[in-house]
Amino acid sequence: MATTVYQEKSFRENVNLVFDIASATLELSEGLAYVLKGAYNVYQVRFPVKINGKIESFIGWRAVHSEHKLPTKGGIRYSPLVTQDEVEALAALMTYKCALVDVPFGGSKGGLVVDPKKYDDDIMERITRRFAFELIKKDYINPAINVPAPDMGTGPREMAWIADTYMQHRTDDINGLGCVTGKPLSLSGISGRTEATGRGVVYGVREFFRHAEDREKAGIEGTLEGKSAIVQGLGNVGYHTAKILESEDGAKIIGIIEHDGALMDRNGLSVEKINTYIKEHGGVKGFPDAEYFEDGSAILEEECDLLVPAALEGAIHMENAPRIKAKLIAEAANGPVTFGADVILRQKGVVMIPDIFLNAGGVIVSYFEWIKNLSHIRFGRLTRRHEVNQNDLLLKALENNGHKMPVDLVEKLCNGPNELDLVRSGLDDSMREAFQQIRDRYWSHDKIESYRIAAMAIAIEKVSLSYQDRGVYP
Ligand code: GLU
């Protein structure tokens, strides 16, 4: 088949191209397709902060893509390179992601042009509180309307400052803690939120591996045990994905790509050792137990079963796509494969598990956190003891009838699930369910040529249904 040549587009245009192809497989009126595609509103702020006696000015955005469900949801990104186009694209991805995994939120995203590495904690706190205040003033942060979360460059620390700023200004909002998710546990965060996106990536990949038909399409046999993986980006998402793949699934992490180069060892790297090294030295250069490559992006092109881009959008593009040798690409980042690269990779037989499904674990667990905040009670508080007592009765009855149960089983049944167990089970269930919907659509629809289009079509269908149900659709 001849390769169609596409001009590389902006991130937002890339997302819209996928939207157009997916919506063409559905019967949508043109007006509705237009509404579903465009960002509703973008708020731009520019504010001053006094730093070491000098006034510095910061620019940021919060984009709302769809309010078909409220609150709208999505992270806040801190980066010197973040742009309005990027924030709008990411807000759109949030709409589709939430719809696909049945999380009842609209899509939003924020970005602030700042390099967090340049400032100390005190200054970052002042910048964050001021940015948060600007957004709170216009209801771009509000537990009922718009609920941010961590993204690149932000984490529980920033979410705590944002929650505190909100509660200082809205002292009478009893649900104030639900104005942001990804908070520290001490501030009504939820167990398992930090690992959630990475763990969701692994749950999604495991579900893919459960289906022989899908594995065959990628030319992969068996389980994840012993499979070789290359991970780009050892930030929060990449670290947890790599760590879980290595420690729970027995996969071999043969390559890790970071901002200052890459490490390779075909016998398997130690994710934990490398993570500790990065924390101490700020990068991978100089790590003693692996081969180092200065040109990290070249390692994306190495042979492996699984390639996990977990860094920025557009890492795999039309120029390097022809040289990619991975069998399966697990899109842990948002938009890591451009539209043009997707075409090239599919022609080569590379299977891609798309971002709007695979990295939805973060927002799934954010949903659990938000529910916990609104209900003002931790999961399992009412039911755990009762469940344990019931199990106890059952075990006694079995023992009275001469059945001896193994000690580890008794222990499990007598402890009951804690918050982390429940969060992981809810996450696993959501990821399995969503992948099954995607593969069903993919295998049953002639015009759908990838999981990406299948996932987007399901998402659009769900969003359009809720417009129809609300009566917005004429
Ligand atoms: N920033 C994450 C994402 O892109 C999480 C969003 C959230 O939890 O609201 O999915």
# chains A, B, ... in the order shown; residues from 1 in each chain; ligands from 1
$ residues_around --residues "Val423 in chain A" --least-positions-apart "6" --cutoff "12 Å" --atoms "only C-alpha atoms" --output "PyMOL selection string"
chain A and resi 190-196+199-200+361-362+364-369+371-372+378-380+417+429-430
$ write_last_selection --atoms "N, CA and C atoms" --output "PDB file, in the first residue's frame"
ATOM      1  N   ILE A 190      -6.612  10.531  48.152  1.00  0.00           N
ATOM      2  CA  ILE A 190      -7.018   9.118  48.208  1.00  0.00           C
ATOM      3  C   ILE A 190      -5.806   8.223  47.971  1.00  0.00           C
ATOM      4  N   SER A 191      -5.786   7.078  48.664  1.00  0.00           N
ATOM      5  CA  SER A 191      -4.672   6.136  48.467  1.00  0.00           C
ATOM      6  C   SER A 191      -4.652   5.690  47.010  1.00  0.00           C
ATOM      7  N   GLY A 192      -3.474   5.610  46.455  1.00  0.00           N
ATOM      8  CA  GLY A 192      -3.356   5.072  45.096  1.00  0.00           C
ATOM      9  C   GLY A 192      -3.518   6.112  44.003  1.00  0.00           C
ATOM     10  N   ARG A 193      -3.680   7.415  44.349  1.00  0.00           N
ATOM     11  CA  ARG A 193      -3.846   8.417  43.288  1.00  0.00           C
ATOM     12  C   ARG A 193      -2.523   8.665  42.569  1.00  0.00           C
ATOM     13  N   THR A 194      -1.412   8.705  43.333  1.00  0.00           N
ATOM     14  CA  THR A 194      -0.132   9.020  42.701  1.00  0.00           C
ATOM     15  C   THR A 194       0.257   7.964  41.671  1.00  0.00           C
ATOM     16  N   GLU A 195       0.033   6.713  41.974  1.00  0.00           N
ATOM     17  CA  GLU A 195       0.420   5.649  41.043  1.00  0.00           C
ATOM     18  C   GLU A 195      -0.645   5.414  39.965  1.00  0.00           C
ATOM     19  N   ALA A 196      -1.816   6.083  40.105  1.00  0.00           N
ATOM     20  CA  ALA A 196      -3.003   5.684  39.335  1.00  0.00           C
ATOM     21  C   ALA A 196      -2.812   5.663  37.813  1.00  0.00           C
ATOM     22  N   ARG A 199      -0.483   2.763  36.960  1.00  0.00           N
ATOM     23  CA  ARG A 199      -1.132   1.476  37.222  1.00  0.00           C
ATOM     24  C   ARG A 199      -2.234   1.226  36.196  1.00  0.00           C
ATOM     25  N   GLY A 200      -2.955   2.299  35.828  1.00  0.00           N
ATOM     26  CA  GLY A 200      -3.998   2.164  34.808  1.00  0.00           C
ATOM     27  C   GLY A 200      -3.398   1.729  33.473  1.00  0.00           C
ATOM     28  N   GLY A 361      -6.303   6.289  33.839  1.00  0.00           N
ATOM     29  CA  GLY A 361      -6.268   5.859  35.245  1.00  0.00           C
ATOM     30  C   GLY A 361      -6.222   7.019  36.225  1.00  0.00           C
ATOM     31  N   GLY A 362      -5.528   8.088  35.844  1.00  0.00           N
ATOM     32  CA  GLY A 362      -5.408   9.246  36.736  1.00  0.00           C
ATOM     33  C   GLY A 362      -6.774   9.855  37.018  1.00  0.00           C
ATOM     34  N   ILE A 364      -9.664   8.487  36.526  1.00  0.00           N
ATOM     35  CA  ILE A 364     -10.584   7.511  37.159  1.00  0.00           C
ATOM     36  C   ILE A 364     -10.423   7.592  38.681  1.00  0.00           C
ATOM     37  N   VAL A 365      -9.163   7.591  39.140  1.00  0.00           N
ATOM     38  CA  VAL A 365      -8.953   7.634  40.590  1.00  0.00           C
ATOM     39  C   VAL A 365      -9.254   9.036  41.140  1.00  0.00           C
ATOM     40  N   SER A 366      -9.078  10.069  40.312  1.00  0.00           N
ATOM     41  CA  SER A 366      -9.509  11.417  40.716  1.00  0.00           C
ATOM     42  C   SER A 366     -11.012  11.414  41.000  1.00  0.00           C
ATOM     43  N   TYR A 367     -11.748  10.698  40.186  1.00  0.00           N
ATOM     44  CA  TYR A 367     -13.201  10.587  40.372  1.00  0.00           C
ATOM     45  C   TYR A 367     -13.502   9.969  41.744  1.00  0.00           C
ATOM     46  N   PHE A 368     -12.759   8.904  42.077  1.00  0.00           N
ATOM     47  CA  PHE A 368     -12.979   8.275  43.388  1.00  0.00           C
ATOM     48  C   PHE A 368     -12.654   9.277  44.507  1.00  0.00           C
ATOM     49  N   GLU A 369     -11.585  10.045  44.311  1.00  0.00           N
ATOM     50  CA  GLU A 369     -11.193  11.026  45.340  1.00  0.00           C
ATOM     51  C   GLU A 369     -12.273  12.099  45.509  1.00  0.00           C
ATOM     52  N   ILE A 371     -15.448  11.845  44.846  1.00  0.00           N
ATOM     53  CA  ILE A 371     -16.616  11.253  45.524  1.00  0.00           C
ATOM     54  C   ILE A 371     -16.348  11.154  47.025  1.00  0.00           C
ATOM     55  N   LYS A 372     -15.135  10.743  47.385  1.00  0.00           N
ATOM     56  CA  LYS A 372     -14.761  10.651  48.800  1.00  0.00           C
ATOM     57  C   LYS A 372     -14.890  12.025  49.466  1.00  0.00           C
ATOM     58  N   ARG A 378     -14.337   7.999  54.262  1.00  0.00           N
ATOM     59  CA  ARG A 378     -13.417   7.177  53.472  1.00  0.00           C
ATOM     60  C   ARG A 378     -14.118   5.896  53.028  1.00  0.00           C
ATOM     61  N   PHE A 379     -13.669   5.396  51.874  1.00  0.00           N
ATOM     62  CA  PHE A 379     -14.274   4.182  51.334  1.00  0.00           C
ATOM     63  C   PHE A 379     -14.102   3.021  52.315  1.00  0.00           C
ATOM     64  N   GLY A 380     -15.144   2.244  52.498  1.00  0.00           N
ATOM     65  CA  GLY A 380     -15.062   1.038  53.314  1.00  0.00           C
ATOM     66  C   GLY A 380     -15.319   1.275  54.794  1.00  0.00           C
ATOM     67  N   PRO A 417     -11.033  -5.433  52.595  1.00  0.00           N
ATOM     68  CA  PRO A 417     -10.312  -4.522  51.709  1.00  0.00           C
ATOM     69  C   PRO A 417     -10.094  -3.151  52.350  1.00  0.00           C
ATOM     70  N   ASP A 429     -11.289  -2.544  37.111  1.00  0.00           N
ATOM     71  CA  ASP A 429     -12.591  -2.795  36.486  1.00  0.00           C
ATOM     72  C   ASP A 429     -12.858  -1.789  35.361  1.00  0.00           C
ATOM     73  N   SER A 430     -12.574  -0.508  35.630  1.00  0.00           N
ATOM     74  CA  SER A 430     -12.839   0.529  34.620  1.00  0.00           C
ATOM     75  C   SER A 430     -11.973   0.307  33.379  1.00  0.00           C
TER      76      SER A 430
END
$ residues_around --residues "Ser10 in chain A" --least-positions-apart "5" --cutoff "12 Å" --atoms "only C-alpha atoms" --output "list in words"
Val15, Asn16, Leu17, Thr83, Gln84, Asp85, Glu86, Val87, Glu88, Ala89, Glu313, Gly314, His317, Gly335, Thr338, Phe339 and Gly340 of chain A
$ residues_near_ligand --ligand "ligand 1" --cutoff "6 Å" --atoms "only C-alpha atoms and all ligand atoms" --output "count of residues only"
11
$ select_by_dssp --residues "range 35-146 of chain A" --states "alpha helix (DSSP H)" --output "number ranges by chain"
A: 35-37, 84-100, 121-137
$ residues_around --residues "Val114 in chain A" --least-positions-apart "3" --cutoff "8 Å" --atoms "only C-alpha atoms" --output "count of residues only"
4
$ residues_around --residues "range 155-172 of chain A" --least-positions-apart "3" --cutoff "9 Å" --atoms "only C-alpha atoms" --output "ChimeraX atom specification"
/A:124-125,128-133,136,141-142,148-152,175-185,187,189,194
$ write_last_selection --atoms "N, CA and C atoms" --output "mmCIF file, in the first residue's frame"
data_model
loop_
_atom_site.group_PDB
_atom_site.id
_atom_site.type_symbol
_atom_site.label_atom_id
_atom_site.label_comp_id
_atom_site.auth_asym_id
_atom_site.auth_seq_id
_atom_site.Cartn_x
_atom_site.Cartn_y
_atom_site.Cartn_z
ATOM 1 N N MET A 124 7.418 28.950 44.503
ATOM 2 C CA MET A 124 6.427 28.138 43.766
ATOM 3 C C MET A 124 5.072 28.210 44.460
ATOM 4 N N GLU A 125 5.110 28.245 45.795
ATOM 5 C CA GLU A 125 3.834 28.326 46.531
ATOM 6 C C GLU A 125 3.132 29.655 46.225
ATOM 7 N N THR A 128 1.761 29.567 42.671
ATOM 8 C CA THR A 128 0.604 28.657 42.569
ATOM 9 C C THR A 128 -0.635 29.272 43.209
ATOM 10 N N ARG A 129 -0.458 29.851 44.400
ATOM 11 C CA ARG A 129 -1.615 30.436 45.093
ATOM 12 C C ARG A 129 -2.205 31.602 44.284
ATOM 13 N N ARG A 130 -1.329 32.376 43.646
ATOM 14 C CA ARG A 130 -1.826 33.504 42.870
ATOM 15 C C ARG A 130 -2.565 33.020 41.614
ATOM 16 N N PHE A 131 -1.991 32.021 40.946
ATOM 17 C CA PHE A 131 -2.648 31.437 39.758
ATOM 18 C C PHE A 131 -4.006 30.856 40.168
ATOM 19 N N ALA A 132 -3.998 30.115 41.283
ATOM 20 C CA ALA A 132 -5.242 29.496 41.760
ATOM 21 C C ALA A 132 -6.295 30.572 42.035
ATOM 22 N N PHE A 133 -5.884 31.657 42.686
ATOM 23 C CA PHE A 133 -6.828 32.717 43.019
ATOM 24 C C PHE A 133 -7.468 33.299 41.759
ATOM 25 N N ILE A 136 -9.993 30.786 40.655
ATOM 26 C CA ILE A 136 -11.124 30.688 41.596
ATOM 27 C C ILE A 136 -12.106 31.844 41.365
ATOM 28 N N ILE A 141 -11.956 27.139 39.121
ATOM 29 C CA ILE A 141 -11.700 26.122 40.154
ATOM 30 C C ILE A 141 -12.901 26.196 41.081
ATOM 31 N N ASN A 142 -13.601 25.054 41.210
ATOM 32 C CA ASN A 142 -14.820 25.013 42.013
ATOM 33 C C ASN A 142 -15.281 23.550 42.015
ATOM 34 N N PRO A 148 -9.447 20.872 38.941
ATOM 35 C CA PRO A 148 -8.118 20.515 38.440
ATOM 36 C C PRO A 148 -7.493 19.312 39.159
ATOM 37 N N ALA A 149 -6.346 18.917 38.665
ATOM 38 C CA ALA A 149 -5.603 17.767 39.209
ATOM 39 C C ALA A 149 -4.148 17.943 38.775
ATOM 40 N N PRO A 150 -3.249 17.070 39.242
ATOM 41 C CA PRO A 150 -1.858 17.188 38.787
ATOM 42 C C PRO A 150 -1.694 16.824 37.316
ATOM 43 N N ASP A 151 -0.690 17.383 36.714
ATOM 44 C CA ASP A 151 -0.265 17.005 35.368
ATOM 45 C C ASP A 151 1.249 17.172 35.359
ATOM 46 N N MET A 152 1.858 17.295 34.187
ATOM 47 C CA MET A 152 3.317 17.453 34.169
ATOM 48 C C MET A 152 3.729 18.702 34.944
ATOM 49 N N ASN A 175 -18.041 21.550 50.535
ATOM 50 C CA ASN A 175 -17.342 20.587 49.672
ATOM 51 C C ASN A 175 -16.020 21.133 49.136
ATOM 52 N N GLY A 176 -15.503 22.149 49.820
ATOM 53 C CA GLY A 176 -14.290 22.825 49.341
ATOM 54 C C GLY A 176 -13.141 21.887 48.997
ATOM 55 N N LEU A 177 -12.973 20.830 49.779
ATOM 56 C CA LEU A 177 -11.841 19.930 49.522
ATOM 57 C C LEU A 177 -11.942 19.231 48.161
ATOM 58 N N GLY A 178 -13.166 19.194 47.632
ATOM 59 C CA GLY A 178 -13.359 18.556 46.324
ATOM 60 C C GLY A 178 -13.076 19.508 45.168
ATOM 61 N N CYS A 179 -12.452 20.653 45.445
ATOM 62 C CA CYS A 179 -12.181 21.621 44.361
ATOM 63 C C CYS A 179 -10.998 21.193 43.517
ATOM 64 N N VAL A 180 -10.249 20.197 44.001
ATOM 65 C CA VAL A 180 -9.075 19.744 43.274
ATOM 66 C C VAL A 180 -8.804 18.297 43.707
ATOM 67 N N THR A 181 -8.261 17.471 42.801
ATOM 68 C CA THR A 181 -7.927 16.090 43.199
ATOM 69 C C THR A 181 -6.417 15.883 43.071
ATOM 70 N N GLY A 182 -5.978 14.721 43.574
ATOM 71 C CA GLY A 182 -4.541 14.464 43.577
ATOM 72 C C GLY A 182 -3.881 15.146 44.769
ATOM 73 N N LYS A 183 -4.666 15.383 45.807
ATOM 74 C CA LYS A 183 -4.151 16.040 47.023
ATOM 75 C C LYS A 183 -3.358 15.038 47.864
ATOM 76 N N PRO A 184 -2.553 15.543 48.801
ATOM 77 C CA PRO A 184 -1.888 14.610 49.717
ATOM 78 C C PRO A 184 -2.939 13.900 50.591
ATOM 79 N N LEU A 185 -2.585 12.719 51.103
ATOM 80 C CA LEU A 185 -3.535 11.956 51.919
ATOM 81 C C LEU A 185 -3.997 12.753 53.133
ATOM 82 N N LEU A 187 -4.702 15.684 53.370
ATOM 83 C CA LEU A 187 -5.674 16.708 53.015
ATOM 84 C C LEU A 187 -6.821 16.079 52.216
ATOM 85 N N GLY A 189 -6.811 13.463 50.306
ATOM 86 C CA GLY A 189 -6.496 12.793 49.043
ATOM 87 C C GLY A 189 -6.918 11.329 49.172
ATOM 88 N N THR A 194 -1.412 8.705 43.333
ATOM 89 C CA THR A 194 -0.132 9.020 42.701
ATOM 90 C C THR A 194 0.257 7.964 41.671
#
$ closest_residue --among "A:Cys304, A:Val201, A:Val18, A:Ile76" --to "Leu427 in chain A" --atoms "only C-alpha atoms"
A:Val201
$ atom_distance --atom1 "CA of Asp265 in chain A" --atom2 "CA of Tyr203 in chain A"
25.0 Å
$ residues_around --residues "range 92-96 of chain A" --least-positions-apart "5" --cutoff "7 Å" --atoms "only C-alpha atoms" --output "number ranges by chain"
A: 65-66, 74, 106-108, 356, 456, 459-460
$ write_last_selection --atoms "N, CA and C atoms" --output "PDB file, in the first residue's frame"
ATOM      1  N   HIS A  65     -13.318  22.305  27.496  1.00  0.00           N
ATOM      2  CA  HIS A  65     -13.675  21.792  26.169  1.00  0.00           C
ATOM      3  C   HIS A  65     -15.143  21.424  26.069  1.00  0.00           C
ATOM      4  N   SER A  66     -15.666  20.729  27.085  1.00  0.00           N
ATOM      5  CA  SER A  66     -17.080  20.375  27.012  1.00  0.00           C
ATOM      6  C   SER A  66     -17.695  20.361  28.405  1.00  0.00           C
ATOM      7  N   GLY A  74      -9.624  18.034  34.687  1.00  0.00           N
ATOM      8  CA  GLY A  74      -8.358  17.912  33.962  1.00  0.00           C
ATOM      9  C   GLY A  74      -7.232  18.586  34.734  1.00  0.00           C
ATOM     10  N   GLY A 106     -16.984  16.652  32.431  1.00  0.00           N
ATOM     11  CA  GLY A 106     -16.627  17.284  31.165  1.00  0.00           C
ATOM     12  C   GLY A 106     -15.110  17.414  31.111  1.00  0.00           C
ATOM     13  N   GLY A 107     -14.604  17.995  30.014  1.00  0.00           N
ATOM     14  CA  GLY A 107     -13.142  18.048  29.847  1.00  0.00           C
ATOM     15  C   GLY A 107     -12.581  19.448  30.018  1.00  0.00           C
ATOM     16  N   SER A 108     -11.467  19.554  30.714  1.00  0.00           N
ATOM     17  CA  SER A 108     -10.813  20.841  30.930  1.00  0.00           C
ATOM     18  C   SER A 108      -9.310  20.612  31.084  1.00  0.00           C
ATOM     19  N   ILE A 356      -6.263   8.173  25.021  1.00  0.00           N
ATOM     20  CA  ILE A 356      -7.511   8.546  25.708  1.00  0.00           C
ATOM     21  C   ILE A 356      -8.065   7.378  26.516  1.00  0.00           C
ATOM     22  N   MET A 456     -12.172   6.723  20.125  1.00  0.00           N
ATOM     23  CA  MET A 456     -12.711   8.072  19.905  1.00  0.00           C
ATOM     24  C   MET A 456     -14.190   7.984  19.515  1.00  0.00           C
ATOM     25  N   ALA A 459     -16.238   7.403  22.546  1.00  0.00           N
ATOM     26  CA  ALA A 459     -16.274   8.609  23.382  1.00  0.00           C
ATOM     27  C   ALA A 459     -17.251   9.640  22.798  1.00  0.00           C
ATOM     28  N   ILE A 460     -17.145   9.875  21.487  1.00  0.00           N
ATOM     29  CA  ILE A 460     -18.022  10.874  20.852  1.00  0.00           C
ATOM     30  C   ILE A 460     -19.484  10.449  21.006  1.00  0.00           C
TER      31      ILE A 460
END
$ closest_residue --among "A:Gly153, A:Gly53, A:Pro354, A:Gly261" --to "Tyr292 in chain A" --atoms "only C-alpha atoms"
A:Gly261
$ atom_distance --atom1 "CA of Val147 in chain A" --atom2 "CA of Thr72 in chain A"
6.3 Å
$ decode --residues "range 354-388 of chain A" --atoms "N, CA and C atoms" --output "PDB file, in the first residue's frame"
ATOM      1  N   PRO A 354      -4.367   3.481  22.505  1.00  0.00           N
ATOM      2  CA  PRO A 354      -4.396   4.950  22.477  1.00  0.00           C
ATOM      3  C   PRO A 354      -4.490   5.610  23.845  1.00  0.00           C
ATOM      4  N   ASP A 355      -3.927   6.825  23.881  1.00  0.00           N
ATOM      5  CA  ASP A 355      -3.873   7.632  25.104  1.00  0.00           C
ATOM      6  C   ASP A 355      -5.212   7.851  25.779  1.00  0.00           C
ATOM      7  N   ILE A 356      -6.263   8.173  25.021  1.00  0.00           N
ATOM      8  CA  ILE A 356      -7.511   8.546  25.708  1.00  0.00           C
ATOM      9  C   ILE A 356      -8.065   7.378  26.516  1.00  0.00           C
ATOM     10  N   PHE A 357      -7.657   6.174  26.154  1.00  0.00           N
ATOM     11  CA  PHE A 357      -8.000   5.034  27.003  1.00  0.00           C
ATOM     12  C   PHE A 357      -6.893   4.758  28.024  1.00  0.00           C
ATOM     13  N   LEU A 358      -5.674   4.613  27.522  1.00  0.00           N
ATOM     14  CA  LEU A 358      -4.635   4.006  28.349  1.00  0.00           C
ATOM     15  C   LEU A 358      -4.180   4.865  29.528  1.00  0.00           C
ATOM     16  N   ASN A 359      -4.219   6.199  29.381  1.00  0.00           N
ATOM     17  CA  ASN A 359      -3.760   6.993  30.528  1.00  0.00           C
ATOM     18  C   ASN A 359      -4.919   7.582  31.332  1.00  0.00           C
ATOM     19  N   ALA A 360      -6.097   6.950  31.201  1.00  0.00           N
ATOM     20  CA  ALA A 360      -7.268   7.470  31.916  1.00  0.00           C
ATOM     21  C   ALA A 360      -7.264   7.105  33.405  1.00  0.00           C
ATOM     22  N   GLY A 361      -6.303   6.289  33.839  1.00  0.00           N
ATOM     23  CA  GLY A 361      -6.268   5.859  35.245  1.00  0.00           C
ATOM     24  C   GLY A 361      -6.222   7.019  36.225  1.00  0.00           C
ATOM     25  N   GLY A 362      -5.528   8.088  35.844  1.00  0.00           N
ATOM     26  CA  GLY A 362      -5.408   9.246  36.736  1.00  0.00           C
ATOM     27  C   GLY A 362      -6.774   9.855  37.018  1.00  0.00           C
ATOM     28  N   VAL A 363      -7.527  10.084  35.960  1.00  0.00           N
ATOM     29  CA  VAL A 363      -8.818  10.752  36.174  1.00  0.00           C
ATOM     30  C   VAL A 363      -9.850   9.778  36.770  1.00  0.00           C
ATOM     31  N   ILE A 364      -9.664   8.487  36.526  1.00  0.00           N
ATOM     32  CA  ILE A 364     -10.584   7.511  37.159  1.00  0.00           C
ATOM     33  C   ILE A 364     -10.423   7.592  38.681  1.00  0.00           C
ATOM     34  N   VAL A 365      -9.163   7.591  39.140  1.00  0.00           N
ATOM     35  CA  VAL A 365      -8.953   7.634  40.590  1.00  0.00           C
ATOM     36  C   VAL A 365      -9.254   9.036  41.140  1.00  0.00           C
ATOM     37  N   SER A 366      -9.078  10.069  40.312  1.00  0.00           N
ATOM     38  CA  SER A 366      -9.509  11.417  40.716  1.00  0.00           C
ATOM     39  C   SER A 366     -11.012  11.414  41.000  1.00  0.00           C
ATOM     40  N   TYR A 367     -11.748  10.698  40.186  1.00  0.00           N
ATOM     41  CA  TYR A 367     -13.201  10.587  40.372  1.00  0.00           C
ATOM     42  C   TYR A 367     -13.502   9.969  41.744  1.00  0.00           C
ATOM     43  N   PHE A 368     -12.759   8.904  42.077  1.00  0.00           N
ATOM     44  CA  PHE A 368     -12.979   8.275  43.388  1.00  0.00           C
ATOM     45  C   PHE A 368     -12.654   9.277  44.507  1.00  0.00           C
ATOM     46  N   GLU A 369     -11.585  10.045  44.311  1.00  0.00           N
ATOM     47  CA  GLU A 369     -11.193  11.026  45.340  1.00  0.00           C
ATOM     48  C   GLU A 369     -12.273  12.099  45.509  1.00  0.00           C
ATOM     49  N   TRP A 370     -12.778  12.574  44.393  1.00  0.00           N
ATOM     50  CA  TRP A 370     -13.820  13.616  44.422  1.00  0.00           C
ATOM     51  C   TRP A 370     -15.074  13.095  45.149  1.00  0.00           C
ATOM     52  N   ILE A 371     -15.448  11.845  44.846  1.00  0.00           N
ATOM     53  CA  ILE A 371     -16.616  11.253  45.524  1.00  0.00           C
ATOM     54  C   ILE A 371     -16.348  11.154  47.025  1.00  0.00           C
ATOM     55  N   LYS A 372     -15.135  10.743  47.385  1.00  0.00           N
ATOM     56  CA  LYS A 372     -14.761  10.651  48.800  1.00  0.00           C
ATOM     57  C   LYS A 372     -14.890  12.025  49.466  1.00  0.00           C
ATOM     58  N   ASN A 373     -14.431  13.069  48.767  1.00  0.00           N
ATOM     59  CA  ASN A 373     -14.495  14.422  49.325  1.00  0.00           C
ATOM     60  C   ASN A 373     -15.940  14.887  49.489  1.00  0.00           C
ATOM     61  N   LEU A 374     -16.788  14.582  48.510  1.00  0.00           N
ATOM     62  CA  LEU A 374     -18.183  15.024  48.603  1.00  0.00           C
ATOM     63  C   LEU A 374     -18.945  14.224  49.651  1.00  0.00           C
ATOM     64  N   SER A 375     -18.570  12.944  49.813  1.00  0.00           N
ATOM     65  CA  SER A 375     -19.313  12.120  50.778  1.00  0.00           C
ATOM     66  C   SER A 375     -18.747  12.272  52.192  1.00  0.00           C
ATOM     67  N   HIS A 376     -17.582  12.891  52.301  1.00  0.00           N
ATOM     68  CA  HIS A 376     -16.969  13.169  53.600  1.00  0.00           C
ATOM     69  C   HIS A 376     -16.731  11.899  54.421  1.00  0.00           C
ATOM     70  N   ILE A 377     -16.470  10.804  53.734  1.00  0.00           N
ATOM     71  CA  ILE A 377     -16.206   9.548  54.446  1.00  0.00           C
ATOM     72  C   ILE A 377     -15.258   8.697  53.607  1.00  0.00           C
ATOM     73  N   ARG A 378     -14.337   7.999  54.262  1.00  0.00           N
ATOM     74  CA  ARG A 378     -13.417   7.177  53.472  1.00  0.00           C
ATOM     75  C   ARG A 378     -14.118   5.896  53.028  1.00  0.00           C
ATOM     76  N   PHE A 379     -13.669   5.396  51.874  1.00  0.00           N
ATOM     77  CA  PHE A 379     -14.274   4.182  51.334  1.00  0.00           C
ATOM     78  C   PHE A 379     -14.102   3.021  52.315  1.00  0.00           C
ATOM     79  N   GLY A 380     -15.144   2.244  52.498  1.00  0.00           N
ATOM     80  CA  GLY A 380     -15.062   1.038  53.314  1.00  0.00           C
ATOM     81  C   GLY A 380     -15.319   1.275  54.794  1.00  0.00           C
ATOM     82  N   ARG A 381     -15.436   2.559  55.217  1.00  0.00           N
ATOM     83  CA  ARG A 381     -15.586   2.801  56.655  1.00  0.00           C
ATOM     84  C   ARG A 381     -16.854   2.138  57.203  1.00  0.00           C
ATOM     85  N   LEU A 382     -17.936   2.175  56.449  1.00  0.00           N
ATOM     86  CA  LEU A 382     -19.179   1.576  56.930  1.00  0.00           C
ATOM     87  C   LEU A 382     -19.217   0.073  56.730  1.00  0.00           C
ATOM     88  N   THR A 383     -18.545  -0.428  55.711  1.00  0.00           N
ATOM     89  CA  THR A 383     -18.777  -1.819  55.312  1.00  0.00           C
ATOM     90  C   THR A 383     -17.659  -2.805  55.663  1.00  0.00           C
ATOM     91  N   ARG A 384     -16.427  -2.293  55.870  1.00  0.00           N
ATOM     92  CA  ARG A 384     -15.292  -3.214  55.974  1.00  0.00           C
ATOM     93  C   ARG A 384     -15.456  -4.223  57.120  1.00  0.00           C
ATOM     94  N   ARG A 385     -15.745  -3.726  58.325  1.00  0.00           N
ATOM     95  CA  ARG A 385     -15.870  -4.629  59.490  1.00  0.00           C
ATOM     96  C   ARG A 385     -16.994  -5.636  59.275  1.00  0.00           C
ATOM     97  N   HIS A 386     -18.087  -5.136  58.703  1.00  0.00           N
ATOM     98  CA  HIS A 386     -19.228  -6.020  58.467  1.00  0.00           C
ATOM     99  C   HIS A 386     -18.824  -7.154  57.525  1.00  0.00           C
ATOM    100  N   GLU A 387     -18.102  -6.785  56.477  1.00  0.00           N
ATOM    101  CA  GLU A 387     -17.640  -7.785  55.504  1.00  0.00           C
ATOM    102  C   GLU A 387     -16.742  -8.821  56.171  1.00  0.00           C
ATOM    103  N   VAL A 388     -15.830  -8.332  57.033  1.00  0.00           N
ATOM    104  CA  VAL A 388     -14.909  -9.229  57.728  1.00  0.00           C
ATOM    105  C   VAL A 388     -15.697 -10.173  58.635  1.00  0.00           C
TER     106      VAL A 388
END
